[in-house]
file coords_17.csv (CSV, C-alpha atoms)
chain,number,residue,atom,x,y,z
U,1,MET,CA,0.0,0.0,0.0
U,2,LYS,CA,2.8,2.4,1.0
U,3,LYS,CA,4.6,1.5,-2.2
U,4,ASN,CA,1.5,2.4,-4.3
U,5,ILE,CA,1.1,5.7,-2.5
U,6,PHE,CA,4.8,6.5,-3.1
U,7,ILE,CA,4.4,5.7,-6.8
U,8,LEU,CA,1.3,7.8,-7.0
U,9,ILE,CA,3.1,10.8,-5.4
U,10,LEU,CA,6.0,10.3,-7.7
U,11,LEU,CA,3.8,10.3,-10.8
U,12,LEU,CA,2.0,13.4,-9.5
U,13,PHE,CA,5.3,15.2,-9.0
U,14,ILE,CA,6.6,14.3,-12.4
U,15,SER,CA,3.3,15.5,-13.9
U,16,TRP,CA,3.5,18.8,-12.0
U,17,LYS,CA,7.1,19.3,-13.1
U,18,ASP,CA,6.3,18.6,-16.7
U,19,SER,CA,3.3,21.0,-16.5
U,20,SER,CA,5.3,23.7,-14.9
U,21,ASN,CA,7.8,23.5,-17.8
U,22,SER,CA,5.3,23.2,-20.6
U,23,PHE,CA,5.0,26.9,-21.0
U,24,LEU,CA,8.5,27.0,-22.4
U,25,VAL,CA,7.9,24.1,-24.8
U,26,ASP,CA,6.7,25.1,-28.3
U,27,SER,CA,8.3,24.3,-31.7
U,28,ALA,CA,6.0,26.6,-33.7
U,29,GLU,CA,8.2,28.7,-36.1
U,30,GLY,CA,6.7,32.0,-35.1
U,31,VAL,CA,7.1,31.4,-31.3
U,32,ILE,CA,9.9,32.6,-29.2
U,33,PHE,CA,10.3,32.8,-25.4
U,34,LEU,CA,11.5,35.8,-23.5
U,35,LYS,CA,12.7,36.1,-19.9
U,36,TRP,CA,12.0,39.2,-17.8
U,37,ASN,CA,14.6,40.2,-15.3
U,38,GLN,CA,13.6,42.9,-12.8
U,39,ALA,CA,15.7,46.0,-13.2
U,40,TYR,CA,14.6,48.2,-10.3
U,41,ASN,CA,12.4,47.9,-7.2
U,42,LYS,CA,9.2,49.1,-8.8
U,43,ASP,CA,9.7,47.2,-12.0
U,44,THR,CA,6.9,44.8,-12.9
U,45,ILE,CA,6.1,42.3,-15.6
U,46,GLU,CA,3.0,44.4,-16.5
U,47,LYS,CA,5.2,47.4,-17.3
U,48,ASN,CA,7.5,45.3,-19.4
U,49,ILE,CA,4.7,43.8,-21.4
U,50,ILE,CA,3.6,47.3,-22.3
U,51,GLY,CA,7.2,48.1,-23.3
U,52,LEU,CA,7.3,45.0,-25.4
U,53,LYS,CA,4.1,45.9,-27.1
U,54,TRP,CA,5.3,49.4,-28.0
U,55,ALA,CA,8.6,47.9,-29.3
U,56,LEU,CA,6.8,45.4,-31.5
U,57,SER,CA,4.5,48.1,-32.8
U,58,TYR,CA,7.6,50.3,-33.7
U,59,VAL,CA,8.7,47.5,-36.1
U,60,GLY,CA,5.3,47.0,-37.7
U,61,ALA,CA,3.1,44.6,-35.6
U,62,ASN,CA,-0.6,45.3,-36.1
U,63,ILE,CA,-2.2,43.1,-33.5
U,64,LEU,CA,-0.9,42.7,-30.0
U,65,ASN,CA,-3.1,40.9,-27.5
U,66,LYS,CA,-3.3,38.0,-25.1
U,67,GLU,CA,-3.3,35.5,-27.9
U,68,ASN,CA,0.1,36.4,-29.2
U,69,ILE,CA,1.7,37.7,-26.0
U,70,GLN,CA,1.4,35.4,-23.0
U,71,ASN,CA,3.3,35.3,-19.7
U,72,ASP,CA,3.8,32.9,-16.8
U,73,LYS,CA,5.3,35.0,-14.1
U,74,GLU,CA,8.6,36.2,-15.5
U,75,ASN,CA,8.5,34.1,-18.6
U,76,LEU,CA,6.9,35.4,-21.8
U,77,ARG,CA,5.8,33.6,-24.9
U,78,ILE,CA,5.2,35.6,-28.1
U,79,ASP,CA,3.9,34.4,-31.5
U,80,VAL,CA,4.8,36.8,-34.2
U,81,SER,CA,2.8,34.8,-36.8
U,82,LYS,CA,-0.3,36.2,-35.1
U,83,MET,CA,0.8,39.8,-35.0
U,84,ARG,CA,-0.1,40.6,-38.6
U,85,PHE,CA,3.3,41.6,-39.7
U,86,SER,CA,3.8,41.9,-43.5
U,87,LYS,CA,5.0,38.6,-45.0
U,88,ASN,CA,8.5,39.8,-45.6
U,89,ALA,CA,8.8,41.3,-42.1
U,90,GLU,CA,7.6,38.1,-40.5
U,91,LYS,CA,10.2,36.1,-42.5
U,92,SER,CA,12.9,38.5,-41.3
U,93,LEU,CA,11.8,38.3,-37.7
U,94,ILE,CA,11.7,34.5,-37.8
U,95,LYS,CA,15.2,34.6,-39.3
U,96,ILE,CA,16.4,36.7,-36.3
U,97,HIS,CA,14.7,34.2,-34.0
U,98,GLN,CA,16.5,31.3,-35.5
U,99,LYS,CA,19.9,33.0,-34.8
U,100,ILE,CA,18.7,33.7,-31.2
U,101,LYS,CA,17.8,30.0,-30.7
U,102,GLU,CA,21.3,29.0,-31.7
U,103,SER,CA,22.8,30.8,-28.8
U,104,GLU,CA,24.1,29.1,-25.6
U,105,GLU,CA,21.7,31.3,-23.6
U,106,TYR,CA,18.6,30.2,-25.4
U,107,LYS,CA,19.6,26.5,-25.6
U,108,THR,CA,20.3,26.5,-21.8
U,109,ASN,CA,17.4,28.7,-20.6
U,110,HIS,CA,14.9,28.0,-23.4
U,111,SER,CA,14.5,31.8,-23.6
U,112,ILE,CA,16.3,35.1,-24.4
U,113,ASP,CA,16.5,38.1,-22.0
U,114,LEU,CA,13.6,40.5,-22.9
U,115,GLY,CA,15.9,43.5,-22.9
U,116,ARG,CA,18.3,41.8,-25.2
U,117,TYR,CA,15.5,40.9,-27.6
U,118,ILE,CA,14.3,44.5,-27.7
U,119,SER,CA,17.9,45.7,-28.3
U,120,LEU,CA,18.2,43.3,-31.2
U,121,LEU,CA,15.0,44.7,-32.8
U,122,LEU,CA,15.6,48.4,-32.3
U,123,GLY,CA,19.3,48.7,-31.7
U,124,SER,CA,20.3,47.1,-35.1
U,125,SER,CA,19.3,49.6,-37.8
U,126,GLU,CA,19.4,46.8,-40.4
U,127,HIS,CA,17.0,44.8,-38.4
U,128,TYR,CA,14.7,47.8,-37.9
U,129,TYR,CA,14.8,48.6,-41.6
U,130,ALA,CA,14.0,45.0,-42.6
U,131,LEU,CA,11.1,44.7,-40.2
U,132,THR,CA,9.6,48.1,-41.1
U,133,GLU,CA,10.4,47.4,-44.8
U,134,THR,CA,12.2,50.7,-45.3
U,135,PRO,CA,13.5,50.8,-48.9
U,136,MET,CA,17.2,50.9,-49.7
U,137,SER,CA,16.9,54.1,-51.6
U,138,LEU,CA,15.2,57.5,-51.1
U,139,GLU,CA,13.8,57.3,-54.6
U,140,ASP,CA,11.9,54.1,-53.7
U,141,ILE,CA,10.2,56.1,-50.9
U,142,THR,CA,9.4,59.3,-52.7
U,143,LYS,CA,7.9,57.7,-55.7
U,144,ASN,CA,5.0,56.5,-53.5
U,145,TYR,CA,3.9,60.0,-52.5
U,146,ASN,CA,2.9,63.3,-54.1
U,147,LEU,CA,4.8,66.0,-52.2
U,148,LYS,CA,3.1,69.3,-51.7
U,149,SER,CA,4.5,72.5,-53.1
U,150,GLU,CA,4.8,74.1,-49.7
U,151,LYS,CA,8.3,73.8,-48.1
U,152,ALA,CA,9.7,74.8,-44.7
U,153,TYR,CA,13.2,76.1,-44.0
U,154,ILE,CA,14.7,75.2,-40.6
U,155,ASN,CA,17.6,77.4,-39.6
U,156,ASN,CA,17.6,76.6,-35.8
U,157,SER,CA,17.1,72.9,-35.5
U,158,ASP,CA,17.2,71.0,-32.1
U,159,VAL,CA,18.5,67.9,-34.0
U,160,SER,CA,20.5,68.9,-37.0
U,161,LYS,CA,23.8,70.9,-36.9
U,162,GLU,CA,22.9,72.2,-40.4
U,163,HIS,CA,20.0,73.9,-42.0
U,164,ARG,CA,17.1,71.7,-43.2
U,165,ILE,CA,14.5,71.9,-45.9
U,166,ILE,CA,11.3,70.1,-45.0
U,167,ARG,CA,8.8,68.8,-47.5
U,168,PHE,CA,5.7,66.6,-46.9
U,169,SER,CA,2.8,65.0,-48.6
U,170,GLU,CA,-0.9,65.3,-47.8
U,171,GLN,CA,-2.1,63.2,-44.9
U,172,ASN,CA,-4.4,60.3,-46.0
U,173,ARG,CA,-5.2,58.3,-42.8
U,174,PHE,CA,-2.0,56.4,-42.1
U,175,ASN,CA,-0.3,57.4,-45.3
U,176,GLN,CA,2.1,60.4,-45.3
U,177,LEU,CA,5.7,61.3,-45.9
U,178,PHE,CA,7.9,63.9,-44.3
U,179,ILE,CA,11.4,64.4,-45.8
U,180,SER,CA,14.2,66.5,-44.4
U,181,LYS,CA,17.2,67.6,-46.5
U,182,GLU,CA,20.2,68.6,-44.5
U,183,ILE,CA,22.2,71.3,-46.3
U,184,ASP,CA,25.1,73.6,-45.9
U,185,SER,CA,23.6,77.1,-45.2
U,186,ILE,CA,26.2,78.8,-47.4
U,187,THR,CA,26.8,76.5,-50.3
U,188,GLY,CA,23.5,74.6,-50.3
U,189,GLN,CA,25.5,71.3,-50.4
U,190,VAL,CA,23.3,68.3,-49.4
U,191,TYR,CA,24.7,66.2,-46.6
U,192,GLU,CA,21.9,63.6,-46.0
U,193,PHE,CA,18.2,63.0,-45.9
U,194,GLU,CA,15.9,61.8,-43.1
U,195,THR,CA,12.4,60.5,-43.7
U,196,ILE,CA,9.3,60.0,-41.5
U,197,GLU,CA,6.4,57.9,-42.8
U,198,LEU,CA,3.2,56.7,-41.2
U,199,MET,CA,2.7,52.9,-41.0
U,200,LYS,CA,-0.5,51.0,-41.1
U,201,ASN,CA,-0.6,50.6,-37.4
U,202,GLY,CA,-0.3,54.3,-36.8
U,203,GLN,CA,3.4,54.2,-35.7
U,204,ILE,CA,6.1,56.2,-37.5
U,205,ARG,CA,8.8,54.6,-39.8
U,206,PHE,CA,12.1,56.4,-39.9
U,207,GLY,CA,14.7,56.3,-42.6
U,208,ILE,CA,18.2,57.9,-42.9
U,209,PHE,CA,19.9,58.3,-46.3
U,210,ASP,CA,23.2,59.8,-47.5
U,211,ALA,CA,23.5,62.6,-50.0
U,212,ASN,CA,23.0,60.2,-52.9
U,213,GLY,CA,19.8,58.8,-51.4
U,214,LYS,CA,21.3,55.5,-50.2
U,215,ARG,CA,20.1,54.1,-46.9
U,216,LYS,CA,22.5,54.3,-44.0
U,217,ILE,CA,22.4,53.0,-40.4
U,218,ALA,CA,22.8,56.3,-38.7
U,219,ALA,CA,23.0,60.1,-39.3
U,220,ASP,CA,26.5,61.6,-39.7
U,221,SER,CA,27.4,63.0,-36.3
U,222,ASN,CA,29.4,65.7,-38.1
U,223,HIS,CA,26.1,67.2,-39.4
U,224,SER,CA,23.3,65.8,-37.1
U,225,ASN,CA,22.5,64.5,-33.7
U,226,ALA,CA,19.8,62.3,-35.1
U,227,GLY,CA,21.7,59.0,-34.5
U,228,LYS,CA,20.1,55.7,-35.4
U,229,PRO,CA,16.3,55.1,-36.0
U,230,ALA,CA,16.0,54.0,-32.4
U,231,LYS,CA,17.0,57.5,-31.3
U,232,CYS,CA,14.4,59.0,-33.7
U,233,ILE,CA,11.8,56.7,-32.1
U,234,TRP,CA,12.8,57.9,-28.6
U,235,CYS,CA,12.8,61.6,-29.6
U,236,HIS,CA,9.5,61.6,-31.6
U,237,GLU,CA,7.6,59.5,-29.0
U,238,SER,CA,5.5,57.9,-31.8
U,239,SER,CA,4.1,61.3,-33.0
U,240,ILE,CA,4.7,64.0,-35.5
U,241,GLN,CA,6.5,66.6,-33.4
U,242,PRO,CA,6.2,70.3,-33.7
U,243,LEU,CA,9.2,72.6,-33.6
U,244,PHE,CA,10.6,73.5,-30.2
U,245,SER,CA,12.9,76.4,-31.2
U,246,ASP,CA,12.3,79.8,-32.8
U,247,GLN,CA,13.1,80.1,-36.5
U,248,LYS,CA,13.8,83.0,-38.8
U,249,ASP,CA,11.2,83.1,-41.6
U,250,LYS,CA,12.7,82.7,-45.1
U,251,LYS,CA,11.1,84.0,-48.2
U,252,GLY,CA,9.6,81.3,-50.4
U,253,TYR,CA,9.0,79.0,-47.5
U,254,LEU,CA,6.3,78.5,-44.9
U,255,SER,CA,6.5,80.9,-42.0
U,256,LEU,CA,7.1,79.5,-38.6
U,257,LYS,CA,3.5,80.1,-37.6
U,258,ASP,CA,2.1,78.4,-40.6
U,259,LEU,CA,4.5,75.4,-40.2
U,260,GLN,CA,3.6,75.0,-36.6
U,261,LYS,CA,-0.1,75.1,-37.3
U,262,THR,CA,0.4,72.5,-40.1
U,263,LEU,CA,2.4,70.1,-38.0
U,264,GLU,CA,0.0,70.4,-35.0
U,265,THR,CA,-2.9,69.7,-37.3
U,266,TYR,CA,-1.3,66.6,-38.7
U,267,ARG,CA,-0.2,65.5,-35.3
U,268,LYS,CA,-3.7,65.7,-33.9
U,269,ILE,CA,-5.3,63.9,-36.8
U,270,ASN,CA,-2.8,61.1,-36.6
U,271,ASN,CA,-3.1,60.7,-32.8
U,272,ASP,CA,-6.9,60.7,-32.8
U,273,LEU,CA,-6.9,58.1,-35.6
U,274,LYS,CA,-4.4,55.9,-33.8
U,275,ILE,CA,-6.5,55.9,-30.6
U,276,LYS,CA,-9.7,55.1,-32.6
U,277,VAL,CA,-8.2,52.3,-34.7
U,278,THR,CA,-5.9,50.6,-32.2
U,279,ASP,CA,-8.5,50.4,-29.4
U,280,THR,CA,-10.4,48.0,-31.6
U,281,LEU,CA,-7.4,45.7,-32.0
U,282,ASN,CA,-6.3,45.3,-28.4
U,283,HIS,CA,-3.2,47.2,-29.3
U,284,ILE,CA,-1.2,49.6,-27.2
U,285,ASN,CA,-3.0,52.4,-25.4
U,286,TYR,CA,-2.1,55.7,-27.2
U,287,LYS,CA,-4.1,57.6,-24.6
U,288,LYS,CA,-1.3,56.9,-22.1
U,289,THR,CA,1.2,59.0,-23.9
U,290,GLN,CA,4.2,58.2,-21.6
U,291,ASP,CA,3.8,54.4,-21.9
U,292,HIS,CA,6.4,54.4,-24.6
U,293,THR,CA,9.0,55.1,-21.9
U,294,PHE,CA,8.7,51.4,-20.8
U,295,THR,CA,10.4,50.5,-24.0
U,296,GLU,CA,13.3,52.9,-23.4
U,297,ILE,CA,13.7,51.6,-19.9
U,298,LEU,CA,13.7,48.0,-21.2
U,299,TYR,CA,16.7,48.5,-23.5
U,300,THR,CA,18.4,51.0,-21.3
U,301,SER,CA,18.3,48.8,-18.2
U,302,PHE,CA,19.7,45.9,-20.4
U,303,MET,CA,22.5,47.9,-22.0
U,304,GLU,CA,23.3,49.5,-18.6
U,305,PRO,CA,22.3,46.8,-16.0
U,306,SER,CA,22.4,47.1,-12.2
U,307,ALA,CA,23.9,44.4,-10.0
U,308,LYS,CA,20.3,43.4,-9.1
U,309,ARG,CA,19.4,42.8,-12.7
U,310,LEU,CA,22.7,40.9,-13.4
U,311,ALA,CA,22.1,38.7,-10.4
U,312,LEU,CA,18.9,37.5,-11.9
U,313,GLU,CA,20.4,37.1,-15.4
U,314,TRP,CA,23.5,35.3,-14.1
U,315,ASN,CA,21.7,33.2,-11.4
U,316,MET,CA,23.9,34.4,-8.5
U,317,SER,CA,23.6,36.8,-5.6
U,318,GLU,CA,24.1,40.6,-5.9
U,319,MET,CA,27.1,40.3,-3.7
U,320,GLN,CA,28.6,37.7,-6.0
U,321,VAL,CA,28.0,40.0,-9.0
U,322,LYS,CA,29.6,43.0,-7.2
U,323,THR,CA,32.6,40.9,-6.3
U,324,LYS,CA,32.9,39.6,-9.9
U,325,LEU,CA,32.7,43.2,-11.2
U,326,LYS,CA,34.8,44.9,-8.5
U,327,ASN,CA,37.2,46.3,-11.1
U,328,TYR,CA,34.5,48.0,-13.1
U,329,LYS,CA,33.2,51.4,-12.4
U,330,THR,CA,29.4,52.1,-12.0
U,331,HIS,CA,27.4,55.1,-13.0
U,332,GLN,CA,23.9,56.5,-12.9
U,333,HIS,CA,21.8,57.1,-16.0
U,334,HIS,CA,21.1,60.7,-16.9
U,335,GLU,CA,17.4,60.0,-17.7
U,336,PHE,CA,16.5,57.1,-15.4
U,337,VAL,CA,18.4,57.8,-12.1
U,338,TYR,CA,16.1,55.4,-10.2
U,339,LEU,CA,17.8,52.5,-12.0
U,340,GLY,CA,20.6,52.9,-9.5
U,341,GLU,CA,24.3,52.2,-9.9
U,342,LEU,CA,24.8,50.7,-13.4
U,343,TYR,CA,27.5,48.9,-15.4
U,344,HIS,CA,28.1,49.2,-19.1
U,345,ARG,CA,27.0,46.0,-20.8
U,346,ASN,CA,29.7,46.0,-23.4
U,347,GLU,CA,32.4,46.1,-20.7
U,348,ILE,CA,31.1,43.2,-18.6
U,349,GLU,CA,29.4,40.9,-21.2
U,350,HIS,CA,32.5,38.6,-21.4
U,351,LEU,CA,32.1,37.7,-17.8
U,352,ALA,CA,28.5,36.3,-18.2
U,353,PRO,CA,28.2,32.6,-17.3
U,354,LEU,CA,26.4,31.9,-20.6
U,355,LYS,CA,27.3,33.2,-24.1
U,356,SER,CA,24.4,35.2,-25.6
U,357,ILE,CA,23.8,36.5,-29.0
U,358,PRO,CA,25.6,39.9,-29.3
U,359,VAL,CA,23.8,43.1,-29.7
U,360,SER,CA,24.9,46.4,-31.2
U,361,GLY,CA,27.2,48.5,-29.0
U,362,ASN,CA,24.8,51.3,-28.7
U,363,ILE,CA,21.0,51.4,-29.3
U,364,ARG,CA,20.6,55.1,-30.3
U,365,GLU,CA,24.0,56.0,-31.7
U,366,LYS,CA,26.3,54.4,-34.2
U,367,SER,CA,28.9,52.2,-32.5
U,368,ASN,CA,32.0,50.1,-33.4
U,369,GLN,CA,29.8,46.9,-33.1
U,370,GLU,CA,26.7,46.9,-35.3
U,371,VAL,CA,25.0,43.5,-35.6
U,372,ASN,CA,23.0,42.2,-38.6
U,373,TYR,CA,21.7,38.7,-38.4
U,374,LEU,CA,19.8,38.9,-41.7
U,375,GLN,CA,22.9,38.7,-43.9
call {"tool": "encode", "arguments": {"input": "coords_17.csv", "output": "structure tokens"}}
result
Amino acid sequence: MKKNIFILILLLFISWKDSSNSFLVDSAEGVIFLKWNQAYNKDTIEKNIIGLKWALSYVGANILNKENIQNDKENLRIDVSKMRFSKNAEKSLIKIHQKIKESEEYKTNHSIDLGRYISLLLGSSEHYYALTETPMSLEDITKNYNLKSEKAYINNSDVSKEHRIIRFSEQNRFNQLFISKEIDSITGQVYEFETIELMKNGQIRFGIFDANGKRKIAADSNHSNAGKPAKCIWCHESSIQPLFSDQKDKKGYLSLKDLQKTLETYRKINNDLKIKVTDTLNHINYKKTQDHTFTEILYTSFMEPSAKRLALEWNMSEMQVKTKLKNYKTHQHHEFVYLGELYHRNEIEHLAPLKSIPVSGNIREKSNQEVNYLQ
């Protein structure tokens, strides 16, 4: 009798163990598992799911709900085949997933760190361009729009170190182009172009092109502070932004007053339409305008982790992490001071107990290490 009871208990334990691990077992091509590691005291899985939704919407996801984003405590399961990406974008994302699943981290943990995943999507310009289907040339963008005759001249930009000429098309729901030409104020020489387009899900698609109209991974720091598309995302906060600096009106171009009025009108129409459309798709909540910050915290706390976060990643105590990193200086983030004392990921990555798929050296700015797993 005792033997039978023991066998029954053993079977129940095995069944429970298998059930507890079943969440992380799925061979479907579009499925990948993510692991959330708490970055600061008030960090929650709910905040990170919001950040994940915003990040996926930035690269073109149209439907984000409980069917394609599920979680079991700190583990998340996402199915990109149900997010209504374009066919080409879905293929590119699955290809990135395949590279992730080849890593030691994924093979051991059956998941990838959530912050690392977001950093791969947004921090690699080539990944971002492929997922948003940004064309290789400026010509391939402009041929799809009819630019209006009105132009704006920006001689006091908060972003560009040069003067800019802004042109735009008429707004037709989620179909509009803004194009900025960076020029020398004396010679008129063109340095580069930057584009903003509205995507089908209401988010903005960014493109950076050289003087010949060829796509590039980041703006030239000699002429602009625009950085990579991820920096454009952070700065624009998913909206058409008005000007924040005074400009000198230039003959033949829109006055500052008329330009501001035009931009604010387009911004309001776009934001109102996003709220109306996305509410019906269980998408992100555009009424909560600061929710986009959860995405920035996600990749920032990954690229600049605290000992608390690393302890969860590396499966050791905070004291063990601090001892291991005793020769590395810590710092505080200028935006998110509450993240505490932080390390630089690229300095301490080689000390991680498991080898992970590398990310670009900087999310917002061009770095010496730029990854592209779609080659």
call {"tool": "atom_distance", "arguments": {"input": "coords_17.csv", "atom1": "atom CA of Ile348 of chain U", "atom2": "atom CA of Ala55 of chain U"}}
result
25.4 Å
call {"tool": "closest_atom_pairs", "arguments": {"input": "coords_17.csv", "of": "segment 29-58 of chain U", "to": "segment 81-96 of chain U", "cutoff": "12 Å", "atoms": "all atoms listed in the file", "output": "Markdown table"}}
result
| residue | atom | partner | partner_atom | distance |
| --- | --- | --- | --- | --- |
| U:Glu29 | CA | U:Ile94 | CA | 7.0 |
| U:Gly30 | CA | U:Ser81 | CA | 5.1 |
| U:Val31 | CA | U:Ser81 | CA | 7.8 |
| U:Ile32 | CA | U:Ile94 | CA | 9.0 |
| U:Lys53 | CA | U:Met83 | CA | 10.5 |
| U:Leu56 | CA | U:Met83 | CA | 8.9 |
| U:Ser57 | CA | U:Met83 | CA | 9.3 |
| U:Tyr58 | CA | U:Phe85 | CA | 11.4 |
call {"tool": "closest_residue", "arguments": {"input": "coords_17.csv", "among": "U:Leu310, U:Val371, U:Ile112, U:Leu339", "to": "Ala352 of chain U", "atoms": "all atoms listed in the file"}}
result
U:Leu310
call {"tool": "atom_distance", "arguments": {"input": "coords_17.csv", "atom1": "atom CA of Lys47 of chain U", "atom2": "atom CA of Glu264 of chain U"}}
result
29.5 Å
call {"tool": "closest_residue", "arguments": {"input": "coords_17.csv", "among": "U:Leu273, U:Ala28, U:Leu256, U:Leu298", "to": "Pro242 of chain U", "atoms": "only C-alpha atoms"}}
result
U:Leu256
call {"tool": "atom_distance", "arguments": {"input": "coords_17.csv", "atom1": "atom CA of Ala311 of chain U", "atom2": "atom CA of Gln332 of chain U"}}
result
18.1 Å
call {"tool": "residues_around", "arguments": {"input": "coords_17.csv", "residues": "Asn222 of chain U", "least_positions_apart": "3", "cutoff": "9 Å", "atoms": "all atoms listed in the file", "output": "short mmCIF file (atom, residue, chain, number, x, y, z; two decimals) with C-alpha atoms, in the coordinates of the input"}}
result
data_model
loop_
_atom_site.label_atom_id
_atom_site.label_comp_id
_atom_site.auth_asym_id
_atom_site.auth_seq_id
_atom_site.Cartn_x
_atom_site.Cartn_y
_atom_site.Cartn_z
CA LYS U 161 23.80 70.90 -36.90
CA ALA U 219 23.00 60.10 -39.30
CA ASN U 225 22.50 64.50 -33.70
#
call {"tool": "residues_around", "arguments": {"input": "coords_17.csv", "residues": "Gln369 of chain U", "least_positions_apart": "6", "cutoff": "10 Å", "atoms": "all atoms listed in the file", "output": "number ranges by chain"}}
result
U: 124, 346, 358-362
call {"tool": "residues_near_point", "arguments": {"input": "coords_17.csv", "point": "(13.9, 78.7, -36.3)", "cutoff": "9 Å", "atoms": "all atoms listed in the file", "output": "PyMOL selection string"}}
result
chain U and resi 153-157+243-249+256
call {"tool": "residues_around", "arguments": {"input": "coords_17.csv", "residues": "Asp220 of chain U", "least_positions_apart": "4", "cutoff": "10 Å", "atoms": "all atoms listed in the file", "output": "list in words"}}
result
Ser160, Tyr191, Glu192, Ile208, Phe209, Asp210, Lys216, Ser224, Asn225, Ala226, Gly227, Lys228 and Lys366 of chain U
call {"tool": "closest_residue", "arguments": {"input": "coords_17.csv", "among": "U:Tyr253, U:Tyr338, U:Tyr299, U:Phe168", "to": "Ile240 of chain U", "atoms": "all atoms listed in the file"}}
result
U:Phe168
call {"tool": "closest_atom_pairs", "arguments": {"input": "coords_17.csv", "of": "segment 144-228 of chain U", "to": "segment 127-140 of chain U", "cutoff": "6 Å", "atoms": "only C-alpha atoms", "output": "JSON lines"}}
result
{"residue": "U:Gly213", "atom": "CA", "partner": "U:Leu138", "partner_atom": "CA", "distance": 4.8}
{"residue": "U:Lys214", "atom": "CA", "partner": "U:Ser137", "partner_atom": "CA", "distance": 4.8}
{"residue": "U:Arg215", "atom": "CA", "partner": "U:Met136", "partner_atom": "CA", "distance": 5.1}
call {"tool": "write_last_selection", "arguments": {"input": "coords_17.csv", "atoms": "C-alpha atoms", "output": "compact mmCIF listing (two decimals), in the coordinates of the input"}}
result
# COMPACT_ATOMS: atom_id res chain seq x y z
CA GLY U 213 19.80 58.80 -51.40
CA LYS U 214 21.30 55.50 -50.20
CA ARG U 215 20.10 54.10 -46.90
call {"tool": "closest_residue", "arguments": {"input": "coords_17.csv", "among": "U:Leu342, U:Ile357, U:Val59, U:Leu263", "to": "Pro305 of chain U", "atoms": "only C-alpha atoms"}}
result
U:Leu342
call {"tool": "closest_residue", "arguments": {"input": "coords_17.csv", "among": "U:Phe193, U:Phe23, U:Tyr373, U:Phe174", "to": "Glu102 of chain U", "atoms": "only C-alpha atoms"}}
result
U:Tyr373
call {"tool": "closest_residue", "arguments": {"input": "coords_17.csv", "among": "U:Glu126, U:Glu347, U:Glu313, U:Glu170", "to": "Leu325 of chain U", "atoms": "only C-alpha atoms"}}
result
U:Glu347
